[in-house]
Amino acid sequence: MPKRPEPRATKAGRATVIAVLALLTSGALAACGSDSDNNGGTPSSGGTSAPKGDIVIGTIQPLTGPFKFYSDWAVPAVDAAVKKVNASGGINGRKVKLVEADGDCTSGAKGVAAAREVINQKHAIALASTQCGVVVSAYNDTILKGTKVINFSATGSGANSSPDATDPAKVGYSFYYSPNTATQSVDLLTWAYGDGNLHPKKLGVLAGTDNYGSDALKGVNAYVKANNLPAPVVQKIDQTATDASVQVAKLKAAGVDTIVCGCYPPPTTALLRGALQSNWHPTVLGALASSGRAVFQALPPAAYKNFYGTTTLFDVQDSPAIQAKLKEYQKYDPKLTIDGVPFIAEAEILFEYLKRAGKDLTPDSLVNALYTGPVDNWVLGPTEIKKGAYPQVVSGVTMLKYEQNGEDVRQVKVGRVTPQISIPGIYNAQ
Amino acid sequence: MEFFVTTVTSGLVSGAVLALVAVGIVMVFTATRAVNLAHGEVITLGMYASLIGLTHLHWSFWIVLILMPFVGAAIGLAMEAVAFRPFISRSGGNNALLTIFITTLALSLGLQGFLTLVADTAGTGVPSPFAIKSWNVGVLHIAPYQVLTLVVSACLVGVMWLIVARTQLGRAMRAIAQNADAAALLGANPKLISSIAWAASGALGAIVGALLVLPGAVLTPFSGAPLLFITFTGAVLGGFGSIGGAVVGCLFLSIAQQLFAGYVSSEWAALVPFAILIIVLAIRPEGLFGRNIQRV
């Protein structure tokens with residue numbers, strides 16, 4: 001007797017069962033695959049499996065937008081550091097893989113999306129050399145908080161300053177390897193009144209109208225209060241301003257002889273030009289952003305004769321040691337420039353902690369490694385993460401003067417300074 | 001008294017630059033009723049062209065200043081070709097103007113993006129071609145670059161006003177702005193008038209760029225954009241569409257802002273132009289010199 005054709009409903013039902021089984025199987029296989037690619041477990045799980053595959057490090061940089069120059073500096077720097085460590089065999093036998101995402105620097109939302117991309121999609125277990133403050137604090141507070149993803153940031157701003165800021169388990173494991181602008185102001189004044197022997201008689205401040213400027217002013221006020229000095233004469237200026245005539249006239253009329261400048265290059269240029277134009281020669285102490293090369297390109301040497309700038313580097317850019325290291329790293333990424341050198345530091349310091357975390361790398365072992373003592377680095381000098389300390393790891397700066405050198409400007413190191421007073425929410429002097 | 005004179009001088013010089021920017025915008029608006037949101041990038045490109053002329057080609061500033069109108073005119077015509085002409089004829093009236101509002105905004109963002117790829121976003125310093133010093137006449141202390149800025153701005157604003165108010169070209173411009181079809185029937189050539197306006201606007205923008213590097217400046221791909229905000233404010237205050245009104249509006253706002261920074265608070269000075277605008281428009285919505293019918 002011939003076989004009766006199978007009813008359609010039964011055929012469809014069997015096809016459905018097969019399809020579902022296929023889906024479940026492929027899902028299970030994908031999960032197994034992602035586990036095998038996982039680099040020590042998901043950040044929040046604290047994973048316990050033995051490490052396999054590359055160690056994925058992320059960097060969030062402003063790849064587009066007005067702060068793109070940070071990524072032009074930082075990406076080749078981190079890339080060179082990664083390639084260099086891989087050339088030496090990697091970390092505990094594992095290669096390092098770098099992934100990047102666009103954090104834009106002007107939008108916290110974009111920073112959060114970038115962090116989600118590198119951590120959740122690209123499986124980074126740590127971030128290195130990240131910028132900028134508004135972006136870092138946005139994704140620290142949303143993505144990193146509550147996890148054990150480590151973030152070594154190249155910016156000084158954006159650090160949590162709440163009462164819980166000294167407990168990374170509560171606020172996120174973000175650490176800042178550049179002094180906050182407030183700390184920079186304290187550094188400048190500590191040096192001016194101390195080793196710099198400048199003996200300021202009347203202090204003035206030219207501060208941007210943004211967070212950078214208000215942080216600079218915060219540091220000045222903290223120093224003035226701690227040392228019982230008279231209140232400074234304060235002038236504010238827009239960070240895009242190209243004319244500071246009014247501010248210069250007011251500071252000059254008030255008898256100011258030393259100015260702390262918490263501004264970006266355009267108003268810094270306007271300040272120095274305005275002072276020269278009015279035949280006034282105050283000492284100007286420039287925070288990190290004020291000390292950009294473009295300022296000195298725009299002005300004659302007489303304008304910056306009394307200007308003292310800062311860098312986080314341990315030595316001047318032209319020093320033989322720094323230049324030799326730069327050439328060494330440029331073999332790994334020819335796009336690396338001298339401006340990118342500071343960004344190598346966070347990556348290499350992170351590599352040291354990863355090494356200390358051991359072959360059985362997990363988020364827990366990495367966190368524990370953070371408190372195993374100082375890490376020396378050719379860029380920043382020795383740094384240490386201490387339990388109970390604020391997340392700002394680097395607080396000192398190198399003080400610089402500037403001399404014309406043909407068509408360029410040469411940095412001259414005049415000192416190294418660390419803050420000697422505490423700044424509430426930012427720095428504890430010990 | 002010295003401080004007052006210094007403050008007013010600073011406001012006058014800044015206002016003179018803004019007035020030139022405003023005239024550039026109003027020229028295009030007068031001839032086409034379109035607002036060019038990419039005018040800030042004309043200024044930025046003018047600054048970079050000046051940088052190349054001064055520091056790479058080692059030309060004198062006078063040569064750079066003479067060449068800037070031609071550079072700017074070329075930029076203006078290119079902008080017209082890309083962001084205006086293809087869209088003005090496709091749909092009529094306010095739809096076209098809205099489209100052009102968006103296309104010029106897109107052009108502005110596109111140019112900024114392009115410049116971030118080819119220029120240093122950290123800033124490039126351009127040294128002043130002249131010595132930084134001050135001429136002192138009693139309580140007046142003014143730098144040579146400030147005098148030059150005032151003279152150049154005054155001359156150009158005067159020339160533009162004369163052209164628009166007293167020449168056949170100007171009459172044709174104003175006629176086309178009121179009714180392009182009717183003006184065409186009477187012999188005006190809207191396309192030619194539009195091109196002349198865009199070229200003139202570009203020329204003015206590039207000259208502003210040269211004046212901005214004159215004292216020594218730090219250039220970024222975004223140097224020109226911030227000028228547009230206060231310029232629009234000044235132009236609206238004076239009566240958008242009126243060259244004289246735009247000039248007076250920009251000068252007034254700039255001086256008021258500097259006086260506020262000097263005598264009240266430098267921190268809140270940035271808000272002054274907008275506060276003044278709101279107050280004036282509440283009393284006189286057409287602006288100080290604006291009228292329902294376009295006139296210079």
# chains A, B, ... in the order shown; residues from 1 in each chain; ligands from 1
>>> interface_residues(of="chain A", to="chain B", cutoff="8 Å", atoms="only C-alpha atoms", output="mmCIF file with all heavy atoms, in the first residue's frame")
data_model
loop_
_atom_site.group_PDB
_atom_site.id
_atom_site.type_symbol
_atom_site.label_atom_id
_atom_site.label_comp_id
_atom_site.auth_asym_id
_atom_site.auth_seq_id
_atom_site.Cartn_x
_atom_site.Cartn_y
_atom_site.Cartn_z
ATOM 1 N N THR A 64 36.834 62.646 16.290
ATOM 2 C CA THR A 64 36.268 63.717 15.455
ATOM 3 C C THR A 64 36.015 64.921 16.344
ATOM 4 O O THR A 64 36.091 64.823 17.568
ATOM 5 C CB THR A 64 34.931 63.278 14.821
ATOM 6 O OG1 THR A 64 34.046 62.876 15.865
ATOM 7 C CG2 THR A 64 35.117 62.126 13.853
ATOM 8 N N GLY A 65 35.729 66.041 15.716
ATOM 9 C CA GLY A 65 35.327 67.216 16.473
ATOM 10 C C GLY A 65 36.478 68.148 16.814
ATOM 11 O O GLY A 65 37.624 67.930 16.409
ATOM 12 N N PRO A 66 36.171 69.218 17.579
ATOM 13 C CA PRO A 66 37.170 70.262 17.836
ATOM 14 C C PRO A 66 38.365 69.807 18.671
ATOM 15 O O PRO A 66 39.367 70.507 18.714
ATOM 16 C CB PRO A 66 36.360 71.340 18.575
ATOM 17 C CG PRO A 66 35.172 70.644 19.103
ATOM 18 C CD PRO A 66 34.868 69.542 18.147
ATOM 19 N N PHE A 67 38.255 68.670 19.338
ATOM 20 C CA PHE A 67 39.364 68.194 20.165
ATOM 21 C C PHE A 67 40.067 66.998 19.534
ATOM 22 O O PHE A 67 40.745 66.229 20.209
ATOM 23 C CB PHE A 67 38.862 67.827 21.561
ATOM 24 C CG PHE A 67 38.365 69.016 22.339
ATOM 25 C CD1 PHE A 67 37.021 69.352 22.315
ATOM 26 C CD2 PHE A 67 39.233 69.797 23.070
ATOM 27 C CE1 PHE A 67 36.546 70.448 23.001
ATOM 28 C CE2 PHE A 67 38.768 70.898 23.765
ATOM 29 C CZ PHE A 67 37.427 71.223 23.738
ATOM 30 N N LYS A 68 39.926 66.896 18.248
ATOM 31 C CA LYS A 68 40.515 65.761 17.514
ATOM 32 C C LYS A 68 42.027 65.698 17.710
ATOM 33 O O LYS A 68 42.619 64.624 17.606
ATOM 34 C CB LYS A 68 40.175 65.894 16.031
ATOM 35 C CG LYS A 68 40.740 64.806 15.138
ATOM 36 C CD LYS A 68 40.317 65.027 13.695
ATOM 37 C CE LYS A 68 41.116 64.138 12.776
ATOM 38 N NZ LYS A 68 42.530 64.531 12.703
ATOM 39 N N PHE A 69 42.645 66.839 18.023
ATOM 40 C CA PHE A 69 44.099 66.808 18.169
ATOM 41 C C PHE A 69 44.526 65.873 19.306
ATOM 42 O O PHE A 69 45.609 65.290 19.256
ATOM 43 C CB PHE A 69 44.653 68.229 18.390
ATOM 44 C CG PHE A 69 44.143 68.926 19.628
ATOM 45 C CD1 PHE A 69 44.806 68.784 20.837
ATOM 46 C CD2 PHE A 69 43.013 69.707 19.572
ATOM 47 C CE1 PHE A 69 44.343 69.431 21.970
ATOM 48 C CE2 PHE A 69 42.542 70.362 20.702
ATOM 49 C CZ PHE A 69 43.206 70.220 21.904
ATOM 50 N N TYR A 70 43.652 65.709 20.322
ATOM 51 C CA TYR A 70 43.991 64.766 21.394
ATOM 52 C C TYR A 70 44.148 63.359 20.836
ATOM 53 O O TYR A 70 45.061 62.620 21.222
ATOM 54 C CB TYR A 70 42.917 64.769 22.478
ATOM 55 C CG TYR A 70 43.010 65.916 23.460
ATOM 56 C CD1 TYR A 70 41.874 66.628 23.837
ATOM 57 C CD2 TYR A 70 44.221 66.278 24.028
ATOM 58 C CE1 TYR A 70 41.941 67.675 24.740
ATOM 59 C CE2 TYR A 70 44.306 67.328 24.927
ATOM 60 C CZ TYR A 70 43.163 68.017 25.273
ATOM 61 O OH TYR A 70 43.238 69.063 26.166
ATOM 62 N N THR A 209 35.664 81.164 31.278
ATOM 63 C CA THR A 209 34.323 81.149 31.848
ATOM 64 C C THR A 209 33.745 79.739 31.890
ATOM 65 O O THR A 209 32.599 79.550 32.248
ATOM 66 C CB THR A 209 33.371 82.043 31.028
ATOM 67 O OG1 THR A 209 33.500 81.699 29.643
ATOM 68 C CG2 THR A 209 33.696 83.507 31.216
ATOM 69 N N GLN A 235 39.695 88.042 36.905
ATOM 70 C CA GLN A 235 39.036 88.437 35.659
ATOM 71 C C GLN A 235 38.686 87.170 34.900
ATOM 72 O O GLN A 235 39.474 86.226 34.858
ATOM 73 C CB GLN A 235 39.948 89.317 34.811
ATOM 74 C CG GLN A 235 40.091 90.737 35.336
ATOM 75 C CD GLN A 235 38.781 91.498 35.221
ATOM 76 O OE1 GLN A 235 38.230 91.672 34.133
ATOM 77 N NE2 GLN A 235 38.277 91.969 36.356
ATOM 78 N N LYS A 236 37.494 87.181 34.283
ATOM 79 C CA LYS A 236 37.079 86.029 33.494
ATOM 80 C C LYS A 236 37.108 86.387 32.014
ATOM 81 O O LYS A 236 36.971 87.567 31.635
ATOM 82 C CB LYS A 236 35.647 85.617 33.879
ATOM 83 C CG LYS A 236 35.505 85.126 35.312
ATOM 84 C CD LYS A 236 35.970 83.705 35.456
ATOM 85 C CE LYS A 236 35.628 83.087 36.785
ATOM 86 N NZ LYS A 236 34.400 82.279 36.731
ATOM 87 N N ILE A 237 37.238 85.370 31.185
ATOM 88 C CA ILE A 237 37.279 85.615 29.745
ATOM 89 C C ILE A 237 36.755 84.388 29.020
ATOM 90 O O ILE A 237 36.958 83.252 29.476
ATOM 91 C CB ILE A 237 38.729 85.952 29.301
ATOM 92 C CG1 ILE A 237 38.763 86.483 27.866
ATOM 93 C CG2 ILE A 237 39.656 84.756 29.460
ATOM 94 C CD1 ILE A 237 40.076 87.132 27.487
ATOM 95 N N ASP A 238 36.077 84.624 27.915
ATOM 96 C CA ASP A 238 35.588 83.503 27.122
ATOM 97 C C ASP A 238 36.762 82.754 26.516
ATOM 98 O O ASP A 238 37.751 83.378 26.110
ATOM 99 C CB ASP A 238 34.668 84.028 26.003
ATOM 100 C CG ASP A 238 33.976 82.899 25.262
ATOM 101 O OD1 ASP A 238 32.886 82.496 25.695
ATOM 102 O OD2 ASP A 238 34.528 82.417 24.261
ATOM 103 N N THR A 240 37.161 81.441 23.735
ATOM 104 C CA THR A 240 37.420 81.704 22.317
ATOM 105 C C THR A 240 37.832 83.159 22.081
ATOM 106 O O THR A 240 38.054 83.553 20.938
ATOM 107 C CB THR A 240 36.167 81.418 21.468
ATOM 108 O OG1 THR A 240 35.112 82.300 21.876
ATOM 109 C CG2 THR A 240 35.703 79.979 21.636
ATOM 110 N N THR A 242 39.740 86.591 21.558
ATOM 111 C CA THR A 242 41.028 86.943 20.974
ATOM 112 C C THR A 242 41.479 88.336 21.414
ATOM 113 O O THR A 242 42.490 88.846 20.927
ATOM 114 C CB THR A 242 40.954 86.896 19.435
ATOM 115 O OG1 THR A 242 39.878 87.731 19.002
ATOM 116 C CG2 THR A 242 40.712 85.477 18.953
ATOM 117 N N ASP A 243 40.702 88.958 22.302
ATOM 118 C CA ASP A 243 41.061 90.273 22.798
ATOM 119 C C ASP A 243 40.853 90.293 24.304
ATOM 120 O O ASP A 243 39.772 89.961 24.785
ATOM 121 C CB ASP A 243 40.196 91.348 22.133
ATOM 122 C CG ASP A 243 40.482 92.733 22.690
ATOM 123 O OD1 ASP A 243 41.662 93.026 22.938
ATOM 124 O OD2 ASP A 243 39.541 93.511 22.895
ATOM 125 N N SER A 245 41.924 93.090 26.186
ATOM 126 C CA SER A 245 42.305 94.451 26.566
ATOM 127 C C SER A 245 41.680 94.878 27.883
ATOM 128 O O SER A 245 42.347 95.460 28.746
ATOM 129 C CB SER A 245 41.868 95.446 25.482
ATOM 130 O OG SER A 245 42.350 95.083 24.241
ATOM 131 N N VAL A 246 40.409 94.610 28.047
ATOM 132 C CA VAL A 246 39.703 95.050 29.255
ATOM 133 C C VAL A 246 40.252 94.320 30.471
ATOM 134 O O VAL A 246 40.534 94.948 31.508
ATOM 135 C CB VAL A 246 38.190 94.798 29.090
ATOM 136 C CG1 VAL A 246 37.461 95.012 30.403
ATOM 137 C CG2 VAL A 246 37.624 95.700 28.010
ATOM 138 N N GLN A 247 40.406 93.020 30.341
ATOM 139 C CA GLN A 247 40.906 92.228 31.464
ATOM 140 C C GLN A 247 42.339 92.654 31.837
ATOM 141 O O GLN A 247 42.669 92.788 33.014
ATOM 142 C CB GLN A 247 40.879 90.728 31.125
ATOM 143 C CG GLN A 247 39.490 90.130 31.032
ATOM 144 C CD GLN A 247 38.795 90.351 29.702
ATOM 145 O OE1 GLN A 247 39.316 91.043 28.817
ATOM 146 N NE2 GLN A 247 37.622 89.762 29.557
ATOM 147 N N ALA A 249 43.698 95.582 31.308
ATOM 148 C CA ALA A 249 43.643 96.922 31.907
ATOM 149 C C ALA A 249 43.217 96.841 33.364
ATOM 150 O O ALA A 249 43.767 97.545 34.226
ATOM 151 C CB ALA A 249 42.683 97.806 31.109
ATOM 152 N N LYS A 250 42.247 95.986 33.666
ATOM 153 C CA LYS A 250 41.775 95.875 35.054
ATOM 154 C C LYS A 250 42.839 95.267 35.958
ATOM 155 O O LYS A 250 43.045 95.710 37.087
ATOM 156 C CB LYS A 250 40.503 95.038 35.105
ATOM 157 C CG LYS A 250 39.294 95.750 34.527
ATOM 158 C CD LYS A 250 37.998 95.309 35.148
ATOM 159 C CE LYS A 250 37.754 96.052 36.447
ATOM 160 N NZ LYS A 250 36.399 95.806 36.970
ATOM 161 N N PRO A 265 44.591 78.427 24.580
ATOM 162 C CA PRO A 265 45.557 79.253 23.849
ATOM 163 C C PRO A 265 45.049 80.610 23.348
ATOM 164 O O PRO A 265 45.783 81.595 23.481
ATOM 165 C CB PRO A 265 45.981 78.337 22.687
ATOM 166 C CG PRO A 265 45.890 76.965 23.270
ATOM 167 C CD PRO A 265 44.688 77.002 24.173
ATOM 168 N N PRO A 266 43.843 80.747 22.776
ATOM 169 C CA PRO A 266 43.495 82.076 22.254
ATOM 170 C C PRO A 266 43.469 83.175 23.318
ATOM 171 O O PRO A 266 44.115 84.221 23.120
ATOM 172 C CB PRO A 266 42.119 81.860 21.606
ATOM 173 C CG PRO A 266 42.096 80.424 21.217
ATOM 174 C CD PRO A 266 42.843 79.731 22.319
ATOM 175 N N THR A 269 47.035 83.910 24.522
ATOM 176 C CA THR A 269 47.739 84.755 23.560
ATOM 177 C C THR A 269 47.300 86.203 23.709
ATOM 178 O O THR A 269 48.126 87.126 23.680
ATOM 179 C CB THR A 269 47.450 84.269 22.122
ATOM 180 O OG1 THR A 269 47.765 82.883 22.019
ATOM 181 C CG2 THR A 269 48.257 85.039 21.095
ATOM 182 N N ARG A 273 49.787 89.251 24.716
ATOM 183 C CA ARG A 273 49.897 90.333 23.739
ATOM 184 C C ARG A 273 49.429 91.651 24.350
ATOM 185 O O ARG A 273 50.056 92.690 24.191
ATOM 186 C CB ARG A 273 49.070 90.036 22.496
ATOM 187 C CG ARG A 273 49.209 91.111 21.412
ATOM 188 C CD ARG A 273 47.998 91.206 20.491
ATOM 189 N NE ARG A 273 47.549 89.892 20.104
ATOM 190 C CZ ARG A 273 46.285 89.466 20.207
ATOM 191 N NH1 ARG A 273 45.350 90.246 20.717
ATOM 192 N NH2 ARG A 273 45.941 88.256 19.796
ATOM 193 N N LEU A 276 52.025 93.061 26.746
ATOM 194 C CA LEU A 276 53.160 93.643 26.018
ATOM 195 C C LEU A 276 52.774 94.971 25.386
ATOM 196 O O LEU A 276 53.512 95.951 25.429
ATOM 197 C CB LEU A 276 53.640 92.666 24.944
ATOM 198 C CG LEU A 276 54.837 93.116 24.106
ATOM 199 C CD1 LEU A 276 56.085 93.222 24.969
ATOM 200 C CD2 LEU A 276 55.096 92.126 22.958
ATOM 201 N N GLN A 277 51.574 94.992 24.822
ATOM 202 C CA GLN A 277 51.097 96.194 24.139
ATOM 203 C C GLN A 277 50.985 97.360 25.113
ATOM 204 O O GLN A 277 51.243 98.512 24.755
ATOM 205 C CB GLN A 277 49.737 95.875 23.524
ATOM 206 C CG GLN A 277 49.180 96.901 22.564
ATOM 207 C CD GLN A 277 47.894 96.377 21.963
ATOM 208 O OE1 GLN A 277 47.841 95.258 21.423
ATOM 209 N NE2 GLN A 277 46.829 97.146 22.051
ATOM 210 N N SER A 278 50.589 97.075 26.342
ATOM 211 C CA SER A 278 50.448 98.155 27.321
ATOM 212 C C SER A 278 51.703 98.322 28.151
ATOM 213 O O SER A 278 51.676 98.939 29.217
ATOM 214 C CB SER A 278 49.226 97.916 28.214
ATOM 215 O OG SER A 278 49.301 96.662 28.822
ATOM 216 N N ASN A 279 52.799 97.778 27.658
ATOM 217 C CA ASN A 279 54.106 97.955 28.306
ATOM 218 C C ASN A 279 54.081 97.505 29.768
ATOM 219 O O ASN A 279 54.646 98.155 30.644
ATOM 220 C CB ASN A 279 54.549 99.426 28.205
ATOM 221 C CG ASN A 279 56.057 99.556 28.325
ATOM 222 O OD1 ASN A 279 56.792 98.630 28.033
ATOM 223 N ND2 ASN A 279 56.509 100.715 28.787
ATOM 224 N N ARG A 293 52.035 75.055 22.202
ATOM 225 C CA ARG A 293 53.038 75.589 21.273
ATOM 226 C C ARG A 293 52.474 76.746 20.452
ATOM 227 O O ARG A 293 53.195 77.702 20.121
ATOM 228 C CB ARG A 293 53.480 74.471 20.329
ATOM 229 C CG ARG A 293 54.658 74.842 19.425
ATOM 230 C CD ARG A 293 55.020 73.693 18.492
ATOM 231 N NE ARG A 293 55.392 72.496 19.213
ATOM 232 C CZ ARG A 293 54.715 71.348 19.167
ATOM 233 N NH1 ARG A 293 53.628 71.237 18.424
ATOM 234 N NH2 ARG A 293 55.109 70.295 19.858
ATOM 235 N N ALA A 294 51.218 76.699 20.093
ATOM 236 C CA ALA A 294 50.631 77.732 19.225
ATOM 237 C C ALA A 294 50.717 79.117 19.847
ATOM 238 O O ALA A 294 50.832 80.116 19.135
ATOM 239 C CB ALA A 294 49.173 77.389 18.910
ATOM 240 N N VAL A 295 50.683 79.173 21.179
ATOM 241 C CA VAL A 295 50.767 80.471 21.865
ATOM 242 C C VAL A 295 52.103 81.134 21.533
ATOM 243 O O VAL A 295 52.165 82.327 21.233
ATOM 244 C CB VAL A 295 50.623 80.275 23.390
ATOM 245 C CG1 VAL A 295 50.906 81.572 24.133
ATOM 246 C CG2 VAL A 295 49.243 79.750 23.731
ATOM 247 N N PHE A 296 53.157 80.382 21.568
ATOM 248 C CA PHE A 296 54.490 80.952 21.358
ATOM 249 C C PHE A 296 54.768 81.197 19.883
ATOM 250 O O PHE A 296 55.574 82.047 19.526
ATOM 251 C CB PHE A 296 55.542 80.031 21.971
ATOM 252 C CG PHE A 296 55.194 79.653 23.385
ATOM 253 C CD1 PHE A 296 54.797 78.363 23.687
ATOM 254 C CD2 PHE A 296 55.201 80.603 24.394
ATOM 255 C CE1 PHE A 296 54.439 78.019 24.984
ATOM 256 C CE2 PHE A 296 54.825 80.262 25.681
ATOM 257 C CZ PHE A 296 54.445 78.972 25.968
ATOM 258 N N GLN A 297 54.088 80.442 19.014
ATOM 259 C CA GLN A 297 54.213 80.705 17.584
ATOM 260 C C GLN A 297 53.614 82.062 17.243
ATOM 261 O O GLN A 297 54.061 82.743 16.324
ATOM 262 C CB GLN A 297 53.468 79.631 16.774
ATOM 263 C CG GLN A 297 54.152 78.294 16.728
ATOM 264 C CD GLN A 297 53.295 77.251 16.022
ATOM 265 O OE1 GLN A 297 52.063 77.338 15.993
ATOM 266 N NE2 GLN A 297 53.933 76.241 15.457
ATOM 267 N N ALA A 298 52.575 82.455 17.976
ATOM 268 C CA ALA A 298 51.825 83.661 17.640
ATOM 269 C C ALA A 298 52.447 84.930 18.199
ATOM 270 O O ALA A 298 52.015 86.027 17.849
ATOM 271 C CB ALA A 298 50.388 83.536 18.137
ATOM 272 N N LEU A 299 53.429 84.789 19.093
ATOM 273 C CA LEU A 299 53.915 85.964 19.831
ATOM 274 C C LEU A 299 55.414 86.142 19.690
ATOM 275 O O LEU A 299 56.146 85.153 19.525
ATOM 276 C CB LEU A 299 53.580 85.810 21.311
ATOM 277 C CG LEU A 299 52.096 85.821 21.672
ATOM 278 C CD1 LEU A 299 51.907 85.366 23.106
ATOM 279 C CD2 LEU A 299 51.500 87.198 21.474
ATOM 280 N N PRO A 300 55.896 87.390 19.816
ATOM 281 C CA PRO A 300 57.338 87.604 19.849
ATOM 282 C C PRO A 300 57.888 87.182 21.216
ATOM 283 O O PRO A 300 57.134 87.148 22.203
ATOM 284 C CB PRO A 300 57.461 89.126 19.653
ATOM 285 C CG PRO A 300 56.181 89.672 20.168
ATOM 286 C CD PRO A 300 55.136 88.640 19.897
#
>>> residues_around(residues="Glu80 of chain B", least_positions_apart="6", cutoff="9 Å", atoms="only C-alpha atoms", output="list in words")
Pro86, Ser194, Ser195, Trp198 and Ala199 of chain B
>>> write_last_selection(atoms="N, CA, C and O atoms", output="mmCIF file, in the first residue's frame")
data_model
loop_
_atom_site.group_PDB
_atom_site.id
_atom_site.type_symbol
_atom_site.label_atom_id
_atom_site.label_comp_id
_atom_site.auth_asym_id
_atom_site.auth_seq_id
_atom_site.Cartn_x
_atom_site.Cartn_y
_atom_site.Cartn_z
ATOM 1 N N PRO B 86 21.845 75.221 -6.573
ATOM 2 C CA PRO B 86 21.109 73.997 -6.927
ATOM 3 C C PRO B 86 19.747 73.912 -6.255
ATOM 4 O O PRO B 86 18.888 73.156 -6.691
ATOM 5 N N SER B 194 23.002 87.575 -7.820
ATOM 6 C CA SER B 194 23.273 86.631 -6.732
ATOM 7 C C SER B 194 24.759 86.315 -6.663
ATOM 8 O O SER B 194 25.360 86.334 -5.589
ATOM 9 N N SER B 195 25.369 86.044 -7.810
ATOM 10 C CA SER B 195 26.802 85.710 -7.820
ATOM 11 C C SER B 195 27.653 86.871 -7.323
ATOM 12 O O SER B 195 28.616 86.682 -6.576
ATOM 13 N N TRP B 198 27.311 86.989 -3.519
ATOM 14 C CA TRP B 198 28.066 85.918 -2.847
ATOM 15 C C TRP B 198 29.571 86.187 -2.946
ATOM 16 O O TRP B 198 30.319 85.961 -1.986
ATOM 17 N N ALA B 199 30.014 86.684 -4.089
ATOM 18 C CA ALA B 199 31.440 86.979 -4.247
ATOM 19 C C ALA B 199 31.856 88.107 -3.307
ATOM 20 O O ALA B 199 32.913 88.042 -2.659
#
>>> closest_residue(among="A:Gln323, A:Gln330, A:Thr190, A:Ser88", to="Gly415 of chain A", atoms="only C-alpha atoms")
A:Thr190
>>> atom_distance(atom1="atom CA of Met160 of chain B", atom2="atom CA of Val26 of chain B")
10.4 Å
>>> residues_around(residues="Leu288 of chain B", least_positions_apart="6", cutoff="9 Å", atoms="only C-alpha atoms", output="list in words")
Val236, Leu237, Gly238, Gly239, Gly245, Val248, Gly249, Val280 and Leu281 of chain B
>>> atom_distance(atom1="atom CA of Asp195 of chain A", atom2="atom CA of Ala222 of chain A")
19.2 Å
>>> select_by_dssp(residues="segment 140-232 of chain A", states="strand (DSSP E)", output="compact mmCIF listing (two decimals) with N, CA, C and O atoms, in the first residue's frame")
# COMPACT_ATOMS: atom_id res chain seq x y z
N ILE A 150 39.01 48.88 34.64
CA ILE A 150 39.96 49.91 35.05
C ILE A 150 40.07 50.96 33.96
O ILE A 150 40.09 50.63 32.77
N ASN A 151 40.14 52.20 34.36
CA ASN A 151 40.29 53.30 33.40
C ASN A 151 41.43 54.19 33.85
O ASN A 151 41.33 54.84 34.90
N PHE A 152 42.51 54.21 33.10
CA PHE A 152 43.61 55.12 33.38
C PHE A 152 43.49 56.30 32.43
O PHE A 152 43.80 56.19 31.25
N SER A 153 43.05 57.41 32.96
CA SER A 153 42.72 58.54 32.10
C SER A 153 43.87 59.52 32.01
O SER A 153 44.59 59.75 32.98
N SER A 174 38.22 54.54 37.93
CA SER A 174 38.87 55.50 37.01
C SER A 174 39.94 56.25 37.79
O SER A 174 39.66 56.78 38.86
N PHE A 175 41.12 56.30 37.22
CA PHE A 175 42.24 57.00 37.84
C PHE A 175 42.79 58.02 36.84
O PHE A 175 42.82 57.77 35.64
N TYR A 176 43.23 59.14 37.38
CA TYR A 176 43.56 60.29 36.52
C TYR A 176 45.05 60.60 36.62
O TYR A 176 45.57 60.91 37.70
N LEU A 203 48.40 89.10 43.59
CA LEU A 203 48.06 87.98 42.72
C LEU A 203 46.81 88.29 41.90
O LEU A 203 45.84 88.87 42.40
N GLY A 204 46.84 87.89 40.63
CA GLY A 204 45.67 88.02 39.78
C GLY A 204 45.38 86.69 39.12
O GLY A 204 46.24 85.80 39.06
N VAL A 205 44.17 86.54 38.62
CA VAL A 205 43.77 85.33 37.91
C VAL A 205 43.03 85.73 36.64
O VAL A 205 42.15 86.59 36.68
N LEU A 206 43.42 85.14 35.54
CA LEU A 206 42.61 85.24 34.32
C LEU A 206 42.09 83.83 34.05
O LEU A 206 42.86 82.93 33.73
N ALA A 207 40.80 83.66 34.22
CA ALA A 207 40.21 82.32 34.13
C ALA A 207 39.16 82.28 33.04
O ALA A 207 38.39 83.24 32.86
N GLY A 208 39.13 81.17 32.33
CA GLY A 208 38.07 80.98 31.34
C GLY A 208 36.72 80.88 32.02
O GLY A 208 36.62 80.57 33.20
>>> closest_residue(among="B:Ala188, B:Ala38, B:Leu107, B:Leu251", to="Val17 of chain B", atoms="only C-alpha atoms")
B:Leu251
>>> closest_residue(among="A:Asn221, A:Ser291, A:Ser422, A:Thr59", to="Ile344 of chain A", atoms="only C-alpha atoms")
A:Thr59
>>> select_by_dssp(residues="segment 72-249 of chain B", states="helix (DSSP H, G or I)", output="PyMOL selection string")
chain B and resi 72-88+93-118+144-166+168-178+180-185+190-213+225-238+243-249
>>> residues_around(residues="Glu346 of chain A", least_positions_apart="5", cutoff="9 Å", atoms="only C-alpha atoms", output="list in words")
Val78, Ala128, Ser129, Thr130, Phe152, Ser153, Ala154, Tyr177 and Phe351 of chain A
